[in-house]
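> Dropping in query02.cif, with mmCIF, C-alpha atoms.
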```cif
data_coords
#
loop_
_atom_site.group_PDB
_atom_site.id
_atom_site.type_symbol
_atom_site.label_atom_id
_atom_site.label_comp_id
_atom_site.auth_asym_id
_atom_site.auth_seq_id
_atom_site.Cartn_x
_atom_site.Cartn_y
_atom_site.Cartn_z
ATOM 1 C CA MET N 1 -33.913 -129.169 -7.625
ATOM 2 C CA ALA N 2 -33.370 -132.794 -6.616
ATOM 3 C CA GLN N 3 -32.993 -135.067 -9.611
ATOM 4 C CA ALA N 4 -33.470 -138.464 -7.993
ATOM 5 C CA ILE N 5 -35.806 -139.980 -10.536
ATOM 6 C CA GLY N 6 -36.105 -143.297 -8.732
ATOM 7 C CA SER N 7 -37.358 -141.837 -5.504
ATOM 8 C CA ALA N 8 -39.522 -139.335 -7.386
ATOM 9 C CA SER N 9 -41.440 -142.106 -9.082
ATOM 10 C CA GLN N 10 -41.929 -143.827 -5.759
ATOM 11 C CA ARG N 11 -43.377 -140.631 -4.369
ATOM 12 C CA ALA N 12 -45.501 -140.101 -7.459
ATOM 13 C CA SER N 13 -47.120 -143.489 -7.193
ATOM 14 C CA GLY N 14 -47.586 -142.850 -3.463
ATOM 15 C CA PHE N 15 -49.583 -139.674 -4.140
ATOM 16 C CA GLY N 16 -51.622 -141.406 -6.832
ATOM 17 C CA SER N 17 -52.975 -143.839 -4.283
ATOM 18 C CA GLY N 18 -55.136 -141.067 -2.832
ATOM 19 C CA GLY N 19 -54.357 -141.022 0.864
ATOM 20 C CA LEU N 20 -54.150 -137.239 0.772
ATOM 21 C CA PRO N 21 -56.971 -134.730 0.912
ATOM 22 C CA ARG N 22 -57.831 -133.222 -2.451
ATOM 23 C CA ASN N 23 -60.149 -130.449 -3.532
ATOM 24 C CA GLY N 24 -63.035 -132.230 -5.297
ATOM 25 C CA GLY N 25 -62.156 -132.562 -8.982
ATOM 26 C CA SER N 26 -62.225 -135.727 -10.972
ATOM 27 C CA ALA N 27 -59.827 -138.353 -9.744
ATOM 28 C CA LYS N 28 -58.265 -140.689 -12.212
ATOM 29 C CA GLY N 29 -59.966 -144.045 -12.715
ATOM 30 C CA SER N 30 -59.021 -146.656 -10.178
ATOM 31 C CA GLY N 31 -56.594 -149.266 -11.338
ATOM 32 C CA SER N 32 -54.267 -148.093 -14.053
ATOM 33 C CA SER N 33 -53.156 -144.544 -13.430
ATOM 34 C CA ASN N 34 -52.227 -144.367 -17.098
ATOM 35 C CA ARG N 35 -55.844 -144.310 -18.130
ATOM 36 C CA PRO N 36 -56.815 -140.819 -19.315
ATOM 37 C CA ARG N 37 -59.772 -139.183 -17.662
ATOM 38 C CA MET N 38 -61.978 -139.386 -20.691
ATOM 39 C CA THR N 39 -62.356 -141.675 -23.618
ATOM 40 C CA TRP N 40 -63.171 -140.525 -27.104
ATOM 41 C CA LYS N 41 -64.939 -142.136 -30.028
ATOM 42 C CA ASN N 42 -62.024 -141.146 -32.213
ATOM 43 C CA ASN N 43 -58.273 -140.931 -31.788
ATOM 44 C CA LEU N 44 -57.726 -137.275 -31.161
ATOM 45 C CA ASN N 45 -54.356 -135.713 -31.712
ATOM 46 C CA ALA N 46 -52.959 -132.253 -31.250
ATOM 47 C CA LEU N 47 -50.019 -130.074 -32.156
ATOM 48 C CA VAL N 48 -48.670 -127.481 -29.770
ATOM 49 C CA VAL N 49 -46.547 -124.703 -31.259
ATOM 50 C CA ASP N 50 -45.037 -122.904 -28.304
ATOM 51 C CA ASN N 51 -41.442 -122.011 -27.579
ATOM 52 C CA GLU N 52 -42.087 -121.218 -23.927
ATOM 53 C CA ARG N 53 -40.958 -124.503 -22.433
ATOM 54 C CA PHE N 54 -42.903 -124.167 -19.242
ATOM 55 C CA SER N 55 -46.270 -123.662 -20.913
ATOM 56 C CA GLN N 56 -45.456 -126.196 -23.621
ATOM 57 C CA HIS N 57 -44.881 -128.790 -20.915
ATOM 58 C CA VAL N 58 -48.138 -127.964 -19.154
ATOM 59 C CA GLU N 59 -50.108 -127.914 -22.414
ATOM 60 C CA LYS N 60 -48.709 -131.289 -23.438
ATOM 61 C CA GLY N 61 -49.397 -132.679 -19.970
ATOM 62 C CA ILE N 62 -53.009 -131.571 -19.964
ATOM 63 C CA LEU N 63 -53.715 -132.810 -23.490
ATOM 64 C CA ARG N 64 -52.000 -136.127 -22.899
ATOM 65 C CA ASN N 65 -53.908 -136.565 -19.688
ATOM 66 C CA PHE N 66 -57.115 -136.318 -21.686
ATOM 67 C CA GLY N 67 -55.983 -139.018 -24.063
ATOM 68 C CA VAL N 68 -54.992 -136.640 -26.843
ATOM 69 C CA GLU N 69 -51.798 -137.720 -28.546
ATOM 70 C CA THR N 70 -49.774 -134.530 -28.604
ATOM 71 C CA GLU N 71 -46.741 -133.338 -30.492
ATOM 72 C CA ALA N 72 -44.979 -130.120 -29.654
ATOM 73 C CA VAL N 73 -42.679 -127.912 -31.667
ATOM 74 C CA GLU N 74 -41.046 -124.621 -30.812
ATOM 75 C CA THR N 75 -41.214 -122.689 -34.046
ATOM 76 C CA GLY N 76 -43.770 -121.864 -36.702
ATOM 77 C CA GLU N 77 -41.379 -123.186 -39.323
ATOM 78 C CA ALA N 78 -41.199 -126.575 -37.610
ATOM 79 C CA ALA N 79 -44.994 -126.712 -37.445
ATOM 80 C CA VAL N 80 -45.319 -125.934 -41.141
ATOM 81 C CA GLU N 81 -42.679 -128.518 -42.013
ATOM 82 C CA LEU N 82 -44.413 -131.167 -39.941
ATOM 83 C CA ILE N 83 -47.731 -130.521 -41.641
ATOM 84 C CA ALA N 84 -46.093 -130.360 -45.072
ATOM 85 C CA SER N 85 -44.655 -133.800 -44.435
ATOM 86 C CA GLY N 86 -48.189 -135.114 -44.144
ATOM 87 C CA ALA N 87 -48.902 -135.005 -40.408
ATOM 88 C CA THR N 88 -52.494 -134.176 -39.563
ATOM 89 C CA PHE N 89 -53.920 -132.938 -36.297
ATOM 90 C CA ASN N 90 -57.433 -132.476 -34.965
ATOM 91 C CA LEU N 91 -56.361 -129.547 -32.840
ATOM 92 C CA ILE N 92 -53.510 -127.085 -33.236
ATOM 93 C CA PHE N 93 -52.401 -124.627 -30.564
ATOM 94 C CA ILE N 94 -50.192 -121.757 -31.694
ATOM 95 C CA ASP N 95 -48.583 -119.284 -29.347
ATOM 96 C CA ILE N 96 -48.657 -115.716 -30.553
ATOM 97 C CA SER N 97 -44.996 -115.031 -29.947
ATOM 98 C CA LEU N 98 -42.696 -117.450 -31.679
ATOM 99 C CA PRO N 99 -39.122 -116.848 -32.822
ATOM 100 C CA ALA N 100 -38.799 -115.764 -36.485
ATOM 101 C CA MET N 101 -42.272 -116.523 -37.904
ATOM 102 C CA ASP N 102 -44.816 -115.403 -35.328
ATOM 103 C CA GLY N 103 -48.080 -117.082 -34.362
ATOM 104 C CA PRO N 104 -50.423 -115.289 -36.771
ATOM 105 C CA ARG N 105 -48.095 -115.829 -39.725
ATOM 106 C CA THR N 106 -47.764 -119.480 -38.790
ATOM 107 C CA ALA N 107 -51.538 -119.816 -38.669
ATOM 108 C CA MET N 108 -51.825 -118.122 -42.064
ATOM 109 C CA GLN N 109 -49.325 -120.506 -43.618
ATOM 110 C CA ILE N 110 -51.010 -123.529 -42.135
ATOM 111 C CA ARG N 111 -54.404 -122.404 -43.433
ATOM 112 C CA ALA N 112 -52.858 -121.698 -46.843
ATOM 113 C CA MET N 113 -51.787 -125.328 -46.923
ATOM 114 C CA GLY N 114 -55.439 -126.283 -46.787
ATOM 115 C CA VAL N 115 -55.538 -127.360 -43.160
ATOM 116 C CA GLN N 116 -59.058 -127.184 -41.780
ATOM 117 C CA SER N 117 -58.355 -128.422 -38.269
ATOM 118 C CA LYS N 118 -59.373 -126.358 -35.300
ATOM 119 C CA ILE N 119 -56.616 -123.854 -34.591
ATOM 120 C CA ILE N 120 -56.423 -122.068 -31.252
ATOM 121 C CA GLY N 121 -54.283 -118.985 -30.764
ATOM 122 C CA LEU N 122 -52.551 -118.760 -27.396
ATOM 123 C CA SER N 123 -51.123 -115.774 -25.648
ATOM 124 C CA SER N 124 -49.941 -115.115 -22.118
ATOM 125 C CA SER N 125 -51.220 -111.583 -22.464
ATOM 126 C CA LEU N 126 -54.065 -111.403 -24.936
ATOM 127 C CA THR N 127 -54.944 -107.926 -26.189
ATOM 128 C CA GLU N 128 -57.782 -107.027 -28.528
ATOM 129 C CA GLU N 129 -55.294 -106.292 -31.304
ATOM 130 C CA ASP N 130 -53.599 -109.652 -30.804
ATOM 131 C CA GLU N 131 -56.921 -111.397 -30.970
ATOM 132 C CA GLU N 132 -57.976 -109.589 -34.135
ATOM 133 C CA GLU N 133 -54.675 -110.306 -35.821
ATOM 134 C CA PHE N 134 -54.867 -113.966 -34.907
ATOM 135 C CA LEU N 135 -58.467 -114.328 -36.031
ATOM 136 C CA ARG N 136 -57.672 -112.606 -39.329
ATOM 137 C CA ALA N 137 -54.849 -115.084 -39.774
ATOM 138 C CA GLY N 138 -57.334 -117.916 -39.604
ATOM 139 C CA VAL N 139 -57.430 -119.243 -36.041
ATOM 140 C CA ASP N 140 -60.815 -120.318 -34.760
ATOM 141 C CA LYS N 141 -60.418 -118.887 -31.312
ATOM 142 C CA CYS N 142 -57.905 -117.196 -29.033
ATOM 143 C CA ILE N 143 -57.367 -117.963 -25.417
ATOM 144 C CA GLU N 144 -55.110 -116.634 -22.765
ATOM 145 C CA LYS N 145 -52.598 -118.983 -21.225
ATOM 146 C CA PRO N 146 -52.545 -121.059 -19.138
ATOM 147 C CA LEU N 147 -54.555 -123.728 -20.850
ATOM 148 C CA THR N 148 -56.954 -125.218 -18.348
ATOM 149 C CA THR N 149 -58.781 -128.509 -18.206
ATOM 150 C CA ALA N 150 -62.078 -126.656 -17.728
ATOM 151 C CA TRP N 151 -61.649 -124.968 -21.106
ATOM 152 C CA LEU N 152 -60.320 -128.028 -22.895
ATOM 153 C CA VAL N 153 -62.934 -130.662 -22.112
ATOM 154 C CA PRO N 154 -65.913 -129.096 -23.960
ATOM 155 C CA VAL N 155 -63.656 -128.364 -26.929
ATOM 156 C CA LEU N 156 -62.494 -131.967 -27.103
ATOM 157 C CA ARG N 157 -66.072 -133.201 -26.729
ATOM 158 C CA GLU N 158 -67.159 -131.000 -29.592
ATOM 159 C CA LEU N 159 -64.285 -132.152 -31.790
ATOM 160 C CA ASP N 160 -64.916 -135.788 -31.008
ATOM 161 C CA GLY N 161 -68.579 -135.350 -31.842
ATOM 162 C CA GLN N 162 -67.793 -133.757 -35.177
ATOM 163 C CA ILE N 163 -65.503 -136.464 -36.512
ATOM 164 C CA MET S 164 -42.304 -148.893 9.102
ATOM 165 C CA GLU S 165 -39.664 -146.460 8.030
ATOM 166 C CA ARG S 166 -41.176 -146.155 4.569
ATOM 167 C CA ASN S 167 -44.567 -145.319 6.069
ATOM 168 C CA GLN S 168 -42.974 -142.697 8.258
ATOM 169 C CA MET S 169 -41.288 -141.178 5.243
ATOM 170 C CA ARG S 170 -44.531 -141.124 3.289
ATOM 171 C CA ARG S 171 -46.278 -139.503 6.193
ATOM 172 C CA GLN S 172 -43.544 -136.875 6.437
ATOM 173 C CA VAL S 173 -43.812 -136.107 2.734
ATOM 174 C CA ALA S 174 -47.604 -135.887 3.051
ATOM 175 C CA LEU S 175 -47.273 -133.450 5.956
ATOM 176 C CA THR S 176 -44.752 -131.331 4.049
ATOM 177 C CA ARG S 177 -47.115 -131.220 1.118
ATOM 178 C CA GLN S 178 -50.130 -130.368 3.248
ATOM 179 C CA SER S 179 -48.263 -127.557 4.978
ATOM 180 C CA LEU S 180 -47.612 -125.928 1.605
ATOM 181 C CA PHE S 181 -51.373 -125.658 1.172
ATOM 182 C CA ASP S 182 -52.203 -124.824 4.777
ATOM 183 C CA GLN S 183 -49.661 -122.020 4.852
ATOM 184 C CA GLY S 184 -51.016 -120.546 1.642
ATOM 185 C CA PHE S 185 -48.012 -121.182 -0.568
ATOM 186 C CA LEU S 186 -49.936 -123.336 -3.034
ATOM 187 C CA ASP S 187 -53.512 -123.518 -4.241
ATOM 188 C CA GLU S 188 -55.745 -126.011 -6.112
ATOM 189 C CA GLN S 189 -53.914 -125.424 -9.358
ATOM 190 C CA PHE S 190 -50.976 -127.393 -7.970
ATOM 191 C CA ILE S 191 -53.334 -130.287 -7.332
ATOM 192 C CA GLN S 192 -54.428 -130.113 -10.980
ATOM 193 C CA LEU S 193 -50.792 -130.525 -11.955
ATOM 194 C CA GLU S 194 -50.413 -133.457 -9.611
ATOM 195 C CA GLU S 195 -53.383 -135.083 -11.272
ATOM 196 C CA LEU S 196 -51.527 -134.958 -14.579
ATOM 197 C CA GLN S 197 -48.723 -137.037 -13.098
ATOM 198 C CA ASP S 198 -48.907 -140.755 -13.725
ATOM 199 C CA ASP S 199 -46.739 -143.807 -14.245
ATOM 200 C CA ALA S 200 -45.866 -142.678 -17.753
ATOM 201 C CA ASN S 201 -44.890 -139.227 -16.463
ATOM 202 C CA PRO S 202 -43.817 -139.783 -12.866
ATOM 203 C CA ASN S 203 -41.857 -136.544 -12.579
ATOM 204 C CA PHE S 204 -44.322 -134.267 -14.285
ATOM 205 C CA VAL S 205 -44.848 -131.904 -11.366
ATOM 206 C CA GLU S 206 -41.163 -131.574 -10.578
ATOM 207 C CA GLU S 207 -40.402 -130.976 -14.268
ATOM 208 C CA VAL S 208 -43.059 -128.307 -14.528
ATOM 209 C CA VAL S 209 -41.853 -126.574 -11.375
ATOM 210 C CA THR S 210 -38.247 -126.706 -12.598
ATOM 211 C CA LEU S 211 -39.254 -125.174 -15.911
ATOM 212 C CA TYR S 212 -41.289 -122.546 -14.079
ATOM 213 C CA TYR S 213 -38.290 -121.388 -12.053
ATOM 214 C CA ARG S 214 -36.075 -121.447 -15.114
ATOM 215 C CA ASP S 215 -38.427 -119.482 -17.365
ATOM 216 C CA SER S 216 -39.724 -117.090 -14.761
ATOM 217 C CA SER S 217 -36.270 -116.116 -13.517
ATOM 218 C CA ARG S 218 -35.688 -114.663 -16.969
ATOM 219 C CA ILE S 219 -38.839 -112.593 -16.692
ATOM 220 C CA ILE S 220 -37.684 -111.263 -13.324
ATOM 221 C CA VAL S 221 -34.416 -110.154 -14.918
ATOM 222 C CA ASN S 222 -36.415 -108.344 -17.605
ATOM 223 C CA ILE S 223 -38.549 -106.664 -14.964
ATOM 224 C CA ASP S 224 -35.480 -105.626 -12.968
ATOM 225 C CA GLN S 225 -33.967 -104.084 -16.081
ATOM 226 C CA ALA S 226 -37.205 -102.367 -17.017
ATOM 227 C CA LEU S 227 -37.415 -100.846 -13.524
ATOM 228 C CA GLU S 228 -34.049 -99.197 -14.077
ATOM 229 C CA ARG S 229 -35.316 -97.245 -17.035
ATOM 230 C CA ASN S 230 -36.267 -93.623 -16.715
ATOM 231 C CA PRO S 231 -39.085 -92.909 -17.268
ATOM 232 C CA LEU S 232 -40.664 -96.213 -16.422
ATOM 233 C CA ASP S 233 -42.618 -97.981 -19.144
ATOM 234 C CA PHE S 234 -45.565 -99.206 -17.083
ATOM 235 C CA ASN S 235 -47.111 -100.912 -20.060
ATOM 236 C CA LYS S 236 -44.039 -103.033 -20.599
ATOM 237 C CA LEU S 237 -43.779 -103.777 -16.891
ATOM 238 C CA ASP S 238 -47.419 -104.788 -16.814
ATOM 239 C CA ASN S 239 -46.951 -107.106 -19.786
ATOM 240 C CA TYR S 240 -43.943 -108.805 -18.206
ATOM 241 C CA MET S 241 -45.812 -109.240 -14.964
ATOM 242 C CA HIS S 242 -48.861 -110.571 -16.755
ATOM 243 C CA GLN S 243 -46.688 -113.288 -18.214
ATOM 244 C CA PHE S 244 -45.112 -114.003 -14.865
ATOM 245 C CA LYS S 245 -48.497 -114.126 -13.197
ATOM 246 C CA GLY S 246 -49.738 -116.547 -15.839
ATOM 247 C CA SER S 247 -47.058 -119.100 -15.175
ATOM 248 C CA SER S 248 -47.259 -118.588 -11.407
ATOM 249 C CA THR S 249 -50.985 -119.257 -11.645
ATOM 250 C CA SER S 250 -50.294 -122.426 -13.618
ATOM 251 C CA ILE S 251 -48.271 -123.947 -10.836
ATOM 252 C CA GLY S 252 -50.577 -122.738 -8.093
ATOM 253 C CA ALA S 253 -48.061 -120.345 -6.534
ATOM 254 C CA LYS S 254 -50.673 -118.532 -4.445
ATOM 255 C CA LYS S 255 -48.575 -115.972 -2.569
ATOM 256 C CA VAL S 256 -46.444 -115.179 -5.611
ATOM 257 C CA LYS S 257 -49.599 -114.684 -7.644
ATOM 258 C CA ALA S 258 -50.949 -112.230 -5.066
ATOM 259 C CA GLU S 259 -47.802 -110.119 -5.354
ATOM 260 C CA CYS S 260 -48.112 -110.197 -9.146
ATOM 261 C CA THR S 261 -51.634 -108.816 -8.888
ATOM 262 C CA GLN S 262 -50.446 -106.071 -6.552
ATOM 263 C CA PHE S 263 -47.594 -105.183 -8.898
ATOM 264 C CA ARG S 264 -49.979 -104.875 -11.827
ATOM 265 C CA GLU S 265 -52.224 -102.583 -9.816
ATOM 266 C CA TYR S 266 -49.260 -100.318 -9.156
ATOM 267 C CA CYS S 267 -48.430 -100.401 -12.869
ATOM 268 C CA ARG S 268 -51.926 -99.256 -13.726
ATOM 269 C CA ALA S 269 -51.648 -96.511 -11.141
ATOM 270 C CA GLY S 270 -48.263 -95.491 -12.542
ATOM 271 C CA ASN S 271 -46.715 -95.975 -9.122
ATOM 272 C CA GLY S 272 -43.067 -96.859 -9.656
ATOM 273 C CA GLU S 273 -42.182 -97.031 -6.000
ATOM 274 C CA GLY S 274 -45.080 -99.336 -5.329
ATOM 275 C CA CYS S 275 -43.870 -101.557 -8.154
ATOM 276 C CA MET S 276 -40.373 -101.752 -6.731
ATOM 277 C CA ARG S 277 -41.565 -102.493 -3.209
ATOM 278 C CA THR S 278 -43.906 -105.173 -4.465
ATOM 279 C CA LEU S 279 -41.201 -106.727 -6.596
ATOM 280 C CA GLN S 280 -38.991 -107.102 -3.524
ATOM 281 C CA GLN S 281 -41.813 -108.825 -1.691
ATOM 282 C CA LEU S 282 -42.516 -110.984 -4.733
ATOM 283 C CA LYS S 283 -38.900 -112.098 -4.936
ATOM 284 C CA LYS S 284 -39.038 -113.101 -1.279
ATOM 285 C CA GLU S 285 -42.171 -115.188 -1.741
ATOM 286 C CA TYR S 286 -40.745 -116.677 -4.922
ATOM 287 C CA ALA S 287 -37.522 -117.692 -3.164
ATOM 288 C CA VAL S 288 -39.295 -119.114 -0.113
ATOM 289 C CA LEU S 289 -41.586 -121.200 -2.301
ATOM 290 C CA LYS S 290 -38.605 -122.464 -4.258
ATOM 291 C CA ARG S 291 -36.883 -123.626 -1.066
ATOM 292 C CA ARG S 292 -40.043 -125.260 0.236
ATOM 293 C CA LEU S 293 -40.640 -127.067 -3.059
ATOM 294 C CA GLU S 294 -37.013 -128.193 -3.253
ATOM 295 C CA THR S 295 -37.363 -129.722 0.187
ATOM 296 C CA TYR S 296 -40.631 -131.326 -0.817
ATOM 297 C CA PHE S 297 -39.192 -132.882 -3.986
ATOM 298 C CA GLN S 298 -36.189 -134.164 -2.113
#
```
Please render this file's structure as structure tokens.


Amino acid sequence: MAQAIGSASQRASGFGSGGLPRNGGSAKGSGSSNRPRMTWKNNLNALVVDNERFSQHVEKGILRNFGVETEAVETGEAAVELIASGATFNLIFIDISLPAMDGPRTAMQIRAMGVQSKIIGLSSSLTEEDEEEFLRAGVDKCIEKPLTTAWLVPVLRELDGQI
Amino acid sequence: MERNQMRRQVALTRQSLFDQGFLDEQFIQLEELQDDANPNFVEEVVTLYYRDSSRIIVNIDQALERNPLDFNKLDNYMHQFKGSSTSIGAKKVKAECTQFREYCRAGNGEGCMRTLQQLKKEYAVLKRRLETYFQ
């Protein structure tokens, strides 16, 4: 893959200026392309616990694009440590398969620490057993990857409304 | 003048990826996540896709050498592969993934192997086309 960052950013800003046909969807606000698509009453933030770098990158990208400040870690242990150090999150995504401490056990530990944030279990291949295990561990909901904007927006709206 | 020509060429290359069925709307969703703060988002995601998914292909290759075949395992691997292919809008690759999974469910090992070969072709072609596009 070409690594020319300079030319890539030229191309990126070229595409942002909308000369190309697109399939409907919500375009970014005119003017600053850094403006997220939606604004919230509150500052929403999220934690992504996923050691699959591809999906972690996409999840972060989507959340960030919606104005959600997002941190990502690759292990359950790192997530627990982060929370133990005092970090709080409105929304936590945990992948089911993590190295060492798996998703459900991570969720259990986080709940045991008294965290009441919305926790979403993620899996690239969600079975009924996986879902049950995750729900028993204390997640609010399970979804199959990839995370999509269509799924995320109502969830963020709900969260923002509740705070 | 030259810059406009270049932009037009890049636009045509991009459009052909859609017209020829290599990419679908999901790729556009990724493009919409790219901004000044993350100018290389799409290229990064695609790079990670090829890195991560090549590992899954190795796993599938190895699993296809087993005897008897574990169709459940194969299906799970392919589900994962399909998920990430869907995320980047890799339309033709995704179609082969679906076909592979159907063969898994039917317990058709030969079908799986044939489909995997086709999948690898589509996967490689898309990679070349995207490399050209990003250059």

> Pick from S:Lys290, S:Arg264, S:Arg229, S:Lys283: nearest to chain N, with all atoms listed in the file counted?

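Using all atoms listed in the file, chain N sits closest to S:Lys290.
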
> At a cut-off of 8 Å, list the chain S residues touching chain N, using all atoms listed in the file, as a list in words.

Arg170, Ala174, Glu188, Ile191, Glu195, Leu196, Gln197, Asp198, Asp199, Ala200, Pro202, Asn203, Phe204, Val208, Thr210, Leu211, Tyr212, Asp215, Asn239, His242, Gln243, Gly246, Ser247, Thr249, Ser250, Glu294, Phe297 and Gln298 of chain S

> What does the structure give for the distance between CA of Thr88 (chain N) and CA of Leu193 (chain S), in Å to one decimal?

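Between these atoms lies a distance of 27.9 Å.
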
> Please provide as a ChimeraX atom specification all residues within 8 Å of region 219-222 of chain S, with the sequence filter that same-chain residues fewer than 2 positions apart are discarded (counting all atoms listed in the file).

/S:215-217,224-226,240-241,244

> Given the choices N:Ser85, N:Thr75, N:Gln116, N:Thr127, which gets closest to Pro99 (chain N) if the distance is worked out from all atoms listed in the file?

N:Thr75

> May I ask which of the residues S:Phe263, S:Phe190, S:Phe181, S:Phe234 is the closest one to Glu206 (chain S), counting only C-alpha atoms?

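Nearest to Glu206 (chain S): S:Phe190.
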
> Distance CA of Asn43 (chain N)-CA of Val153 (chain N), one decimal place?

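Answer for the CA of Asn43 (chain N) to CA of Val153 (chain N) separation: 14.9 Å.
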